[in-house]
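Chemist: Here it is, the structure, as structure tokens.
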Amino acid sequence: MMRIRKANAILGTFLLLGGALLLYLTIDESKGDLYGNPEAQKSELQSLEAKLKNLENDLKHNANIISDLKGVVKDILATKKETLKTSSGEVQVNKTLANIHRKDGKFAQSPPSRCDVEMDKVYSELDFSNPDGGVWKQGWDVKYSDDQWGRDKLKVFIIPHSHNDPGWIKTFEKYYRDQTNKILTNAVKKLTEFPNMKFIWAEISYLALWWAEQNEEMRGQFLRLLEEERLEIVTGGWVMPDEASTSYSAMLEQLIHGHEWCNLHLRGYKPISGWSIDPFGMSPTMAYILKRAGLDNMLIQRTHYSIKKKFARDKTLEFSWRQHWDHNSTTDMLCHMMPFYSYDIPHTCGPDPKICCQFDFLRLPGGRASCPWNVPPKRISDSNVRERSLTLLDQYKKKATLYKTNVLLIPLGDDFRWDGDKEWNDQYTNYQKIMEYINSHSELGATVQWGTLTDYFKAARAYSEEKTGDETRFFPSLSGDFFTYADRDDHYWSGYFTSRPFWKALDRTLEAYLRGAEIIFSLAWAEMEYTGADKTEVAKECMAKLLYARQMVGLFQHHDGITGTAKDHVVIDYGEKMLLSLKVLKYVIQQSANYLLSGQKPRYEPRTDTLYFDLDDNRENAWSLPQKTVINMDAGRVKKLILYNSQSKQRKEFVTFRISSPKIKVYTRNKVDGEEVEEEEVPVQISPVFEVDGEISNMEYEISFLANVPPIGLETYMVEEVKSDEDLVEEVSVASVRIVNSKKQPFQVAPFSVEQMDQQTFTLSNTFLKASFKSNGMLESLTTLDSGETTQTRIEFFKYGTRSYGDKSGAYLFLPNGHGQPLQFKNPVIRIVQGKLRSYVEITSSWLNHRVTLLNSPGVDGTGVHIENDISLLTREFDNWEVSMRIDSAINSGDIFFTDLNAFQMIRRKRYDKLTLQGNWYPVSTMSYIQDESSRLSLISQQPLGGTSLNSGQLEVMLDRRLAQDDNRGVFQGVQDNKITNNKFTLLLERQISGCQQEPNSQASYPSLLAHAARHSLLNPLFRLIQLPLDVPVSSVQTRYNPVREPLDCDIQLINLRTRSQGSFSQSPSDKAALILHRQGFNSCYRPVGLTCQTSGGKVNLDEVFPRLYSSEVNQVSLSLMYEGMKMEKGFTVSIQPMELYSFLLTR
């Protein structure tokens, strides 16, 4: 009866939908589904428009019009149709297709605004030679005219700073105890003592630690210095994040957490200028985030020395940094690039480090440091002040010739500087004498003063306004990025893109957990308000754990954390912090889920000491791979599996659990007419679990089934053991097993049939793809079944060595001894597990387990090939191995390929012969692709790695690297602490729609909607909650939680729903939650198969998303929540622009 009622309901809905569609198309011809007819997309849409316009005058075409409309309705039916079951237990997969507003594809097809400086053109023009420039090794002999500053005096700002790494050679806490607490204490003390001196500070993680230990008097002095603008907080992030391996959501999270801390503890202090002096290459994503957070300016340092030299010659070291996809010039961020090798004092006063070092008064004779050029500083006295002042001013003037304005920035600091009373006194008293001398001699054409970063930018902006009438028009616009960084010779810092990949992958897992915990807790907290019964104790407990995890996620984004460039013991310290964060976030998720599934929420009594669910992700140590929980099937007991979808769209994806018995059934319980409960069985596949020795376990089995989970919701599946083989339901199928090159006959374990076979080619397929494999088990080609086209997609593994002389590869540098050498697997054990729902091939060797999986799913996970590599370079025999995975395809990509920047945007790359091999490697945070006129091949990565395309048709990613030596960049060790690392990828092969208008020739490019969805699926998988045995009445528990009325569109991603804390020292949640959304730019020339969503021009109505939760008043706020903007009603429809991030403040 239930199925008949469901079918009638669906039919009625579609009749209404069809009538509405006819009316809609008749009334509004401007809107339509871009992919309504799979056979003739664009031309058919145009034809349909023409027919509708002439409907009244041309009855002859009426039959054709009705036929076309039927075709459209048929496609919608296919999109909405539920998964069906056949008597054989197979899933009859109905392909789905997103409904795309045709105007939404125009953004990617339109050229972005042009810039004065475009980095792809800069790369094309540079020859990347490195002639000796004299004292400025990477520059030239800088000269200037004596009367150059006659009318416009040179204005010099000396900016004291201290760069404090939150972990590198020492752990975060050890650095704080040994140095950082002294630096901050001395800053307050000495700035009070020296009333004209100034200082800047960046890392809020350290400031928060110091602040918690201070008394009210010290805090008051600190606040006064901020108010007097003699102490400035720059950027205001929790750390100074890496910009290559980080995701934009994590970059934003650490910035929000830092800005929230400033707001709560520093009387609403708001940073104005960004300061990024040590990350190893610079991403425009950071410029965008800072711009939308409300900052006005930024400074960067580590860019390729050839770019520094060119920009210095062209006087373009200061520019308005614009996003390369920006169509309207709204993202411009004023940026200052430092011109020389380093941010230390010898490399910041001017082009000659030998002279500049003489003005670092920490290095006075007898001090703790000296100048490597063997010319020490001299104390400034009446007898030498003129000579010393003129010598230093000469460097200042030479540096000033590299910039367009008469304003000069001179940083004064280095790593962990200004930690002692003597350094403060020596630097201040000596520089003060120089300043007084220069300022009292107007004929020198300069003034020198202490300053902050914002002091400098105010002066630079004033100069621009004086010259042009606008604060930034004097500076050129620039688009592009600054990867890959080289500091000298061919020393490209492309090694750290991959170093310590285990910890990079763990960070991505932690990010997914933090996001998932934030969202589900925010929903639970909002539900408590809606039901009128706060559960304060558990809410406080969850909020405290969220605050801890926010700090630890933020800490690891540090540019010596996620980069893998810290010492071994520091890496372990980061890892243990991340492991604890995972533990506390699991607590938040399971507590929140249990509350949301409770039937009577006002009377719900939480137990804070109780674990209700196992999250099926168990790690014994920080460095352990996760282990699945084996669900013990007790006779007569039903096991509940709850799936949590943290994404804002409904998801149909396969999930896999471990179970103790193969004699099971899986089903859902659904209420009919709000009363009776009916069970609906779910097709499930039983697959084997292989033990370490290769035998099939008779104690553990894998079950896989297609889950259907509502947006940001919960769905319950029941697993029950059946009594005998006769009771097995038709929905259960068993995978077949074939084994190649096994040295022994495996035991036969019921219910599996195991076949030994010789090496031979074979195929695996699902509804979307057929994958062909060579006899050695490696993927050879993919066939897209819709088009019938086959494309070579050969997977191979390569090994790079390091140089036998000079500098060698290390944690930072990739210095290979030539091209990679193919790694051959001699008679590897090959397991082919093939089922109706899930099939995979697995190759095992001594150091690599390689698995390729196909899922027979109607959702996104059925559209691509899933690749996993367990790589273990654990012993000395692998010293100086760098192992990559290469996909060699028939796609005619030439020398062009595309990589992502921080999972936020794509950028066009070009392979250059004039660059060394290592210079052609770039960060791949989550995605890279190649394409030609007919196809695109995308490799989506769960973990950040280094990637390249070394020949036409190739995509390559580095998987792991083990280096036996230091690369002389300060960490003083190699990388030999390798862990068994699980790398996960999705490989997508998409065919371009014939006649579709492609992207213009620019630096910008866009993934397809399918690629976006596949990335989100990989980065934010469904959470699997196994209910633990507790005495909870079944009647008091719901099986589903679905707070969303209308899901967000395909191109709008929910970045976070994040509850704010109450006050400066409170761990209680406030009534405010930040909703952060991203409208993704996408290429509409690839069909959005596997999706059931739509696009509508970026429109969002929060009342449709959360009809019950949150009050009617919504505040639009700046990206990091620093500035409040327009207030609006929750029911107001907002339009989000392509590629933009938006933050809203909701009140429960």
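Following the order of the structure tokens, first chain is A, next is B, and so on, with residues numbered from 1 inside each chain and ligands from 1 in the order they appear.
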Could you pull the residues within 8 Å of Gln942 (chain A), counting only C-alpha atoms, minus those fewer than 3 positions along the same chain, as a PyMOL selection string?
Modeler: chain A and resi 505+508+926+983-985+1015+1018-1019
Chemist: List every residue of region 572-804 of chain A that DSSP, applied to the backbone of this structure, places in strand (DSSP E), and write the result as a PyMOL selection string.
Modeler: chain A and resi 613-614+630-631+639-645+651-659+664-672+676-681+684-690+696-709+713-721+732-734+736-740+754-757+762-765+769-773+779-784+789-800
Chemist: Put those residues in a file: C-alpha atoms, as a short mmCIF file (atom, residue, chain, number, x, y, z; two decimals), in the first residue's frame.
Modeler:
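Saved as part01.cif:
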data_model
loop_
_atom_site.label_atom_id
_atom_site.label_comp_id
_atom_site.auth_asym_id
_atom_site.auth_seq_id
_atom_site.Cartn_x
_atom_site.Cartn_y
_atom_site.Cartn_z
CA PHE A 613 27.14 6.90 18.71
CA ASP A 614 30.37 5.51 17.31
CA VAL A 630 32.84 -3.87 13.20
CA ILE A 631 29.12 -3.90 13.94
CA LYS A 639 21.35 -1.97 14.72
CA LYS A 640 20.80 1.65 13.79
CA LEU A 641 23.06 3.44 11.33
CA ILE A 642 22.51 7.19 11.24
CA LEU A 643 23.92 9.16 8.33
CA TYR A 644 24.56 12.88 8.70
CA ASN A 645 24.77 15.04 5.59
CA ARG A 651 22.74 13.39 -1.29
CA LYS A 652 22.37 9.95 -2.81
CA GLU A 653 25.67 8.21 -2.23
CA PHE A 654 26.97 4.81 -1.33
CA VAL A 655 28.15 4.11 2.19
CA THR A 656 30.09 1.10 3.43
CA PHE A 657 30.17 -0.40 6.92
CA ARG A 658 31.94 -3.37 8.51
CA ILE A 659 29.68 -6.04 9.97
CA ILE A 664 21.51 -9.33 7.12
CA LYS A 665 18.97 -6.98 5.68
CA VAL A 666 19.03 -3.19 5.58
CA TYR A 667 15.86 -1.13 5.63
CA THR A 668 14.35 2.20 6.53
CA ARG A 669 11.32 2.89 8.67
CA ASN A 670 8.87 5.43 7.29
CA LYS A 671 5.71 6.81 8.78
CA VAL A 672 2.64 6.54 6.55
CA GLU A 676 1.75 3.43 10.93
CA VAL A 677 5.40 2.61 10.37
CA GLU A 678 6.38 0.61 7.31
CA GLU A 679 9.73 -0.88 6.48
CA GLU A 680 11.32 -0.40 3.08
CA GLU A 681 14.20 -2.70 2.29
CA VAL A 684 22.76 -4.00 -0.20
CA GLN A 685 25.98 -5.67 -1.36
CA ILE A 686 28.15 -7.95 0.75
CA SER A 687 31.88 -7.71 -0.04
CA PRO A 688 34.87 -9.46 1.53
CA VAL A 689 37.34 -8.04 4.02
CA PHE A 690 40.92 -9.14 3.31
CA ILE A 696 39.31 -13.44 3.40
CA SER A 697 38.03 -12.83 6.90
CA ASN A 698 35.21 -14.97 8.22
CA MET A 699 34.66 -12.51 11.09
CA GLU A 700 34.18 -9.26 9.18
CA TYR A 701 32.25 -8.33 6.05
CA GLU A 702 31.60 -5.11 4.21
CA ILE A 703 28.07 -4.00 3.44
CA SER A 704 27.43 -1.24 0.92
CA PHE A 705 24.12 0.43 0.18
CA LEU A 706 22.81 3.59 -1.43
CA ALA A 707 21.95 6.19 1.19
CA ASN A 708 19.49 9.00 0.58
CA VAL A 709 20.05 11.79 3.11
CA GLY A 713 19.94 16.40 7.85
CA LEU A 714 19.97 12.94 9.36
CA GLU A 715 18.64 9.64 8.05
CA THR A 716 18.43 6.30 9.88
CA TYR A 717 19.02 2.88 8.34
CA MET A 718 18.28 -0.34 10.22
CA VAL A 719 20.45 -3.44 9.96
CA GLU A 720 19.05 -6.71 11.15
CA GLU A 721 20.45 -10.22 11.10
CA VAL A 732 21.05 -8.54 -0.80
CA SER A 733 23.70 -9.40 -3.38
CA VAL A 734 27.17 -10.89 -2.93
CA SER A 736 32.39 -12.07 -6.78
CA VAL A 737 36.12 -12.32 -6.06
CA ARG A 738 38.92 -12.96 -8.55
CA ILE A 739 42.56 -13.09 -7.49
CA VAL A 740 45.65 -12.88 -9.72
CA VAL A 754 36.77 -17.00 -5.00
CA GLU A 755 38.35 -17.65 -8.39
CA GLN A 756 42.07 -17.81 -9.15
CA MET A 757 42.88 -16.41 -12.59
CA PHE A 762 39.45 -6.94 -17.78
CA THR A 763 36.80 -4.26 -17.35
CA LEU A 764 34.58 -2.86 -14.62
CA SER A 765 31.57 -0.70 -15.34
CA LEU A 769 31.47 4.55 -17.16
CA LYS A 770 33.35 1.51 -18.32
CA ALA A 771 36.89 1.21 -16.97
CA SER A 772 39.36 -0.99 -18.82
CA PHE A 773 42.40 -2.40 -17.03
CA LEU A 779 43.69 1.44 -15.29
CA GLU A 780 44.18 1.78 -19.05
CA SER A 781 41.16 3.68 -20.39
CA LEU A 782 37.70 5.03 -19.62
CA THR A 783 34.61 4.90 -21.81
CA THR A 784 31.79 7.37 -21.16
CA GLU A 789 33.80 7.42 -26.59
CA THR A 790 36.87 5.76 -25.12
CA THR A 791 39.84 7.78 -23.86
CA GLN A 792 43.18 6.42 -22.71
CA THR A 793 43.61 7.23 -19.00
CA ARG A 794 46.61 5.13 -18.07
CA ILE A 795 47.68 5.20 -14.40
CA GLU A 796 51.39 4.79 -13.69
CA PHE A 797 53.69 5.42 -10.74
CA PHE A 798 57.05 7.18 -10.93
CA LYS A 799 60.03 7.71 -8.67
CA TYR A 800 62.15 10.86 -8.57
#
Chemist: What residues in region 994-1088 of chain A get the DSSP label alpha helix (DSSP H)? Please answer as a ChimeraX atom specification.
Modeler: /A:1009-1019
Chemist: Please produce an output containing C-alpha atoms for each residue in the selection, written as a compact mmCIF listing (two decimals), in the first residue's frame.
Modeler:
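File produced: again32.txt:
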# COMPACT_ATOMS: atom_id res chain seq x y z
CA LEU A 1009 29.06 21.63 -11.55
CA LEU A 1010 29.72 17.91 -11.40
CA ALA A 1011 33.39 18.48 -10.50
CA HIS A 1012 32.36 20.90 -7.77
CA ALA A 1013 29.94 18.33 -6.37
CA ALA A 1014 32.51 15.53 -6.57
CA ARG A 1015 35.00 17.68 -4.66
CA HIS A 1016 32.49 18.46 -1.91
CA SER A 1017 31.62 14.77 -1.68
CA LEU A 1018 35.29 13.87 -1.26
CA LEU A 1019 36.10 16.64 1.22
Chemist: Please indicate the distance in Å from CA of Val122 (chain A) to CA of Thr899 (chain A), rounded to one decimal place.
Modeler: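 Those two atoms sit 18.2 Å apart.
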Chemist: Met240 (chain A): which residues within 10 Å, counting only C-alpha atoms, same-chain residues fewer than 6 positions away excluded, as number ranges by chain?
Modeler: A: 163-166, 202-205, 251, 254-255, 274-279, 554-555, 557-560
Chemist: Given the choices A:Pro602, A:Gly947, A:Pro195, A:Gly859, which gets closest to Ile887 (chain A) if the distance is worked out from only C-alpha atoms?
Modeler: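 Comparing A:Pro602, A:Gly947, A:Pro195, A:Gly859 against Ile887 (chain A), the winner is A:Gly947.
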Chemist: Mind pulling up the distance from CA of Ser845 (chain A) to CA of Asn741 (chain A)?
Modeler: 11.4 Å
Chemist: Which residue gives the smallest distance to Ala635 (chain A) among A:Ser724, A:Arg838, A:Ser1111, A:Glu216, with only C-alpha atoms counted?
Modeler: A:Ser724
Chemist: I'd like the interatomic distance between CA of Ser370 (chain A) and CA of Ser389 (chain A), to a tenth of an Å.
Modeler: 20.7 Å
Chemist: Please report as CSV every residue of region 952-1001 of chain A lying within 6 Å of region 869-873 of chain A, along with the nearest atom pair and their distance in Å (one decimal), using only C-alpha atoms.
Modeler:
residue,atom,partner,partner_atom,distance
A:Ile980,CA,A:Ser872,CA,4.5
A:Thr981,CA,A:Ile871,CA,5.3
A:Asn982,CA,A:Asp870,CA,4.4
A:Asn983,CA,A:Asn869,CA,5.1
Chemist: Restricted to N, CA and C atoms, what would the selected residues look like written as a PDB file, in the first residue's frame?
Modeler:
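Once written, part.pdb looks like this:
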ATOM      1  N   ILE A 980      52.351   5.482   7.066  1.00  0.00           N
ATOM      2  CA  ILE A 980      51.499   4.888   6.040  1.00  0.00           C
ATOM      3  C   ILE A 980      50.394   5.888   5.744  1.00  0.00           C
ATOM      4  N   THR A 981      50.312   6.306   4.507  1.00  0.00           N
ATOM      5  CA  THR A 981      49.446   7.419   4.134  1.00  0.00           C
ATOM      6  C   THR A 981      48.410   6.970   3.127  1.00  0.00           C
ATOM      7  N   ASN A 982      47.164   7.286   3.413  1.00  0.00           N
ATOM      8  CA  ASN A 982      46.065   6.989   2.498  1.00  0.00           C
ATOM      9  C   ASN A 982      45.730   8.238   1.697  1.00  0.00           C
ATOM     10  N   ASN A 983      45.986   8.180   0.381  1.00  0.00           N
ATOM     11  CA  ASN A 983      45.624   9.272  -0.513  1.00  0.00           C
ATOM     12  C   ASN A 983      44.343   8.909  -1.251  1.00  0.00           C
TER      13      ASN A 983
END
Chemist: Leaving out region 691-695 of chain A and any residue of its chain fewer than 4 positions from it, which residues lie within 10 Å of it when counting only C-alpha atoms, given as a ChimeraX atom specification?
Modeler: /A:700,742-749,829,831,844
Chemist: Using only all heavy atoms, please write the residues we just selected to a file, as a compact mmCIF listing (two decimals), in the first residue's frame.
Modeler:
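The resulting file, part.txt, is reproduced below:
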# COMPACT_ATOMS: atom_id res chain seq x y z
N GLU A 700 34.57 -10.60 9.60
CA GLU A 700 34.18 -9.26 9.18
C GLU A 700 33.75 -9.29 7.72
O GLU A 700 34.33 -10.00 6.90
CB GLU A 700 35.34 -8.26 9.34
CG GLU A 700 35.85 -8.08 10.74
CD GLU A 700 37.01 -7.09 10.79
OE1 GLU A 700 37.09 -6.23 9.89
OE2 GLU A 700 37.85 -7.20 11.71
N SER A 742 48.30 -14.73 -6.75
CA SER A 742 48.36 -15.15 -5.35
C SER A 742 49.23 -16.39 -5.25
O SER A 742 49.13 -17.31 -6.07
CB SER A 742 46.96 -15.45 -4.82
OG SER A 742 47.05 -15.91 -3.49
N LYS A 743 50.10 -16.44 -4.23
CA LYS A 743 51.01 -17.56 -4.07
C LYS A 743 50.32 -18.77 -3.43
O LYS A 743 50.89 -19.85 -3.36
CB LYS A 743 52.21 -17.15 -3.23
CG LYS A 743 53.08 -16.09 -3.91
CD LYS A 743 54.26 -15.71 -3.03
CE LYS A 743 55.12 -14.65 -3.71
NZ LYS A 743 56.26 -14.24 -2.86
N LYS A 744 49.12 -18.54 -2.93
CA LYS A 744 48.42 -19.66 -2.30
C LYS A 744 46.94 -19.57 -2.62
O LYS A 744 46.42 -18.49 -2.93
CB LYS A 744 48.64 -19.64 -0.78
CG LYS A 744 48.19 -18.36 -0.10
CD LYS A 744 48.49 -18.39 1.38
CE LYS A 744 48.07 -17.09 2.06
NZ LYS A 744 48.36 -17.09 3.49
N GLN A 745 46.30 -20.70 -2.57
CA GLN A 745 44.86 -20.75 -2.78
C GLN A 745 44.17 -20.24 -1.52
O GLN A 745 44.31 -20.81 -0.44
CB GLN A 745 44.42 -22.20 -3.05
CG GLN A 745 42.92 -22.38 -3.20
CD GLN A 745 42.38 -21.75 -4.47
OE1 GLN A 745 43.04 -21.79 -5.51
NE2 GLN A 745 41.20 -21.16 -4.40
N PRO A 746 43.43 -19.13 -1.61
CA PRO A 746 42.77 -18.62 -0.41
C PRO A 746 41.65 -19.55 0.04
O PRO A 746 41.05 -20.27 -0.75
CB PRO A 746 42.21 -17.26 -0.88
CG PRO A 746 42.08 -17.39 -2.36
CD PRO A 746 43.17 -18.31 -2.80
N PHE A 747 41.41 -19.53 1.33
CA PHE A 747 40.31 -20.31 1.87
C PHE A 747 38.99 -19.79 1.31
O PHE A 747 38.81 -18.59 1.11
CB PHE A 747 40.28 -20.23 3.40
CG PHE A 747 41.44 -20.91 4.06
CD1 PHE A 747 42.41 -20.18 4.73
CD2 PHE A 747 41.58 -22.30 4.00
CE1 PHE A 747 43.48 -20.81 5.34
CE2 PHE A 747 42.65 -22.93 4.60
CZ PHE A 747 43.61 -22.19 5.27
N GLN A 748 38.06 -20.71 1.06
CA GLN A 748 36.73 -20.32 0.64
C GLN A 748 35.92 -19.94 1.87
O GLN A 748 35.81 -20.70 2.82
CB GLN A 748 36.05 -21.47 -0.11
CG GLN A 748 36.72 -21.86 -1.41
CD GLN A 748 36.61 -20.78 -2.47
OE1 GLN A 748 35.61 -20.08 -2.55
NE2 GLN A 748 37.64 -20.66 -3.30
N VAL A 749 35.42 -18.72 1.85
CA VAL A 749 34.64 -18.21 2.97
C VAL A 749 33.25 -17.85 2.46
O VAL A 749 33.12 -17.04 1.53
CB VAL A 749 35.32 -16.97 3.61
CG1 VAL A 749 34.43 -16.37 4.70
CG2 VAL A 749 36.68 -17.33 4.16
N VAL A 829 50.01 -8.94 -6.49
CA VAL A 829 48.74 -9.59 -6.19
C VAL A 829 47.62 -8.62 -6.60
O VAL A 829 47.60 -7.46 -6.19
CB VAL A 829 48.64 -9.93 -4.70
CG1 VAL A 829 47.25 -10.50 -4.38
CG2 VAL A 829 49.72 -10.92 -4.31
N ARG A 831 43.47 -8.15 -6.79
CA ARG A 831 42.16 -8.62 -6.35
C ARG A 831 41.09 -7.85 -7.10
O ARG A 831 41.10 -6.61 -7.10
CB ARG A 831 41.98 -8.40 -4.84
CG ARG A 831 43.01 -9.11 -3.98
CD ARG A 831 42.78 -8.76 -2.51
NE ARG A 831 43.84 -9.30 -1.67
CZ ARG A 831 44.48 -8.60 -0.75
NH1 ARG A 831 44.18 -7.33 -0.55
NH2 ARG A 831 45.43 -9.15 -0.02
N THR A 844 48.42 -4.92 -4.66
CA THR A 844 49.22 -4.82 -3.43
C THR A 844 50.67 -5.10 -3.73
O THR A 844 51.00 -6.01 -4.50
CB THR A 844 48.71 -5.79 -2.36
OG1 THR A 844 48.86 -7.13 -2.84
CG2 THR A 844 47.25 -5.53 -2.03
Chemist: At a cut-off of 9 Å, using only C-alpha atoms, what residues contact Tyr456 (chain A)? Leave out same-chain residues fewer than 4 positions from it and give the result as a list of chain:residue names.
Modeler: A:Val156, A:Phe157, A:Ile159, A:Val407, A:Leu408, A:Leu409, A:Gly451, A:Thr452, A:Ala460, A:Arg461
Chemist: Restricted to all heavy atoms, what would the selected residues look like written as an mmCIF file, in the first residue's frame?
Modeler:
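Output file part32.cif follows:
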data_model
loop_
_atom_site.group_PDB
_atom_site.id
_atom_site.type_symbol
_atom_site.label_atom_id
_atom_site.label_comp_id
_atom_site.auth_asym_id
_atom_site.auth_seq_id
_atom_site.Cartn_x
_atom_site.Cartn_y
_atom_site.Cartn_z
ATOM 1 N N VAL A 156 60.284 58.003 5.166
ATOM 2 C CA VAL A 156 60.681 56.652 5.558
ATOM 3 C C VAL A 156 59.956 56.252 6.837
ATOM 4 O O VAL A 156 59.996 56.987 7.836
ATOM 5 C CB VAL A 156 62.206 56.563 5.764
ATOM 6 C CG1 VAL A 156 62.610 55.141 6.146
ATOM 7 C CG2 VAL A 156 62.952 57.029 4.515
ATOM 8 N N PHE A 157 59.318 55.076 6.803
ATOM 9 C CA PHE A 157 58.667 54.521 7.982
ATOM 10 C C PHE A 157 59.424 53.268 8.412
ATOM 11 O O PHE A 157 59.492 52.294 7.660
ATOM 12 C CB PHE A 157 57.209 54.154 7.680
ATOM 13 C CG PHE A 157 56.323 55.352 7.483
ATOM 14 C CD1 PHE A 157 56.177 55.928 6.234
ATOM 15 C CD2 PHE A 157 55.645 55.913 8.559
ATOM 16 C CE1 PHE A 157 55.355 57.023 6.037
ATOM 17 C CE2 PHE A 157 54.824 57.022 8.385
ATOM 18 C CZ PHE A 157 54.680 57.586 7.127
ATOM 19 N N ILE A 159 59.450 50.121 10.714
ATOM 20 C CA ILE A 159 58.365 49.354 11.331
ATOM 21 C C ILE A 159 58.943 48.175 12.102
ATOM 22 O O ILE A 159 59.299 47.137 11.516
ATOM 23 C CB ILE A 159 57.371 48.873 10.248
ATOM 24 C CG1 ILE A 159 56.820 50.073 9.472
ATOM 25 C CG2 ILE A 159 56.255 48.039 10.873
ATOM 26 C CD1 ILE A 159 55.940 49.693 8.300
ATOM 27 N N VAL A 407 57.198 57.340 -0.586
ATOM 28 C CA VAL A 407 57.004 56.742 0.737
ATOM 29 C C VAL A 407 57.731 55.407 0.759
ATOM 30 O O VAL A 407 57.603 54.602 -0.173
ATOM 31 C CB VAL A 407 55.508 56.545 1.044
ATOM 32 C CG1 VAL A 407 55.313 56.057 2.470
ATOM 33 C CG2 VAL A 407 54.732 57.830 0.795
ATOM 34 N N LEU A 408 58.497 55.166 1.820
ATOM 35 C CA LEU A 408 59.328 53.965 1.877
ATOM 36 C C LEU A 408 59.065 53.190 3.152
ATOM 37 O O LEU A 408 59.035 53.751 4.251
ATOM 38 C CB LEU A 408 60.814 54.349 1.802
ATOM 39 C CG LEU A 408 61.810 53.176 1.734
ATOM 40 C CD1 LEU A 408 61.613 52.350 0.468
ATOM 41 C CD2 LEU A 408 63.243 53.684 1.813
ATOM 42 N N LEU A 409 58.904 51.881 2.999
ATOM 43 C CA LEU A 409 58.657 50.980 4.128
ATOM 44 C C LEU A 409 59.939 50.238 4.475
ATOM 45 O O LEU A 409 60.532 49.582 3.617
ATOM 46 C CB LEU A 409 57.542 49.992 3.751
ATOM 47 C CG LEU A 409 57.025 49.020 4.804
ATOM 48 C CD1 LEU A 409 55.576 48.631 4.460
ATOM 49 C CD2 LEU A 409 57.855 47.750 4.883
ATOM 50 N N GLY A 451 56.971 53.783 12.604
ATOM 51 C CA GLY A 451 55.638 53.684 12.038
ATOM 52 C C GLY A 451 55.061 52.292 12.175
ATOM 53 O O GLY A 451 55.742 51.329 12.547
ATOM 54 N N THR A 452 53.790 52.213 11.881
ATOM 55 C CA THR A 452 53.119 50.924 11.761
ATOM 56 C C THR A 452 52.860 50.657 10.283
ATOM 57 O O THR A 452 53.065 51.528 9.431
ATOM 58 C CB THR A 452 51.781 50.915 12.516
ATOM 59 O OG1 THR A 452 50.901 51.872 11.900
ATOM 60 C CG2 THR A 452 51.971 51.242 13.985
ATOM 61 N N ALA A 460 51.149 56.212 1.541
ATOM 62 C CA ALA A 460 51.192 55.807 0.131
ATOM 63 C C ALA A 460 49.878 56.149 -0.564
ATOM 64 O O ALA A 460 49.858 56.612 -1.717
ATOM 65 C CB ALA A 460 51.479 54.309 0.029
ATOM 66 N N ARG A 461 48.758 55.936 0.127
ATOM 67 C CA ARG A 461 47.464 56.268 -0.446
ATOM 68 C C ARG A 461 47.315 57.789 -0.622
ATOM 69 O O ARG A 461 46.741 58.252 -1.620
ATOM 70 C CB ARG A 461 46.342 55.730 0.447
ATOM 71 C CG ARG A 461 46.127 54.216 0.343
ATOM 72 C CD ARG A 461 45.133 53.704 1.369
ATOM 73 N NE ARG A 461 44.802 52.310 1.156
ATOM 74 C CZ ARG A 461 43.797 51.869 0.407
ATOM 75 N NH1 ARG A 461 43.019 52.741 -0.217
ATOM 76 N NH2 ARG A 461 43.568 50.580 0.264
#
Chemist: Excluding Ser273 (chain A) and its own-chain neighbours fewer than 4 positions away, which residues fall within 8 Å of it when counting only C-alpha atoms? Please give them as a VMD selection string.
Modeler: chain A and resid 234 to 235 295 to 299 453 to 454
Chemist: Give me the residues within 7 Å of Gly350 (chain A) as a PyMOL selection string, counting only C-alpha atoms and dropping any in the same chain fewer than 6 places off.
Modeler: chain A and resi 356+395-396+398-399
Chemist: Can you write out the residues you just picked, keeping C-alpha atoms, as a CSV table (one decimal), in the first residue's frame?
Modeler:
chain,number,residue,atom,x,y,z
A,356,CYS,CA,72.1,46.8,6.2
A,395,GLN,CA,70.4,52.4,1.1
A,396,TYR,CA,67.0,53.8,1.8
A,398,LYS,CA,68.3,53.1,-3.5
A,399,LYS,CA,65.4,51.0,-2.3
Chemist: Nearest to Arg386 (chain A) among A:Glu436, A:Asp616, A:Asp419, A:Asp242, with distances taken over only C-alpha atoms: which residue is it?
Modeler: A:Glu436
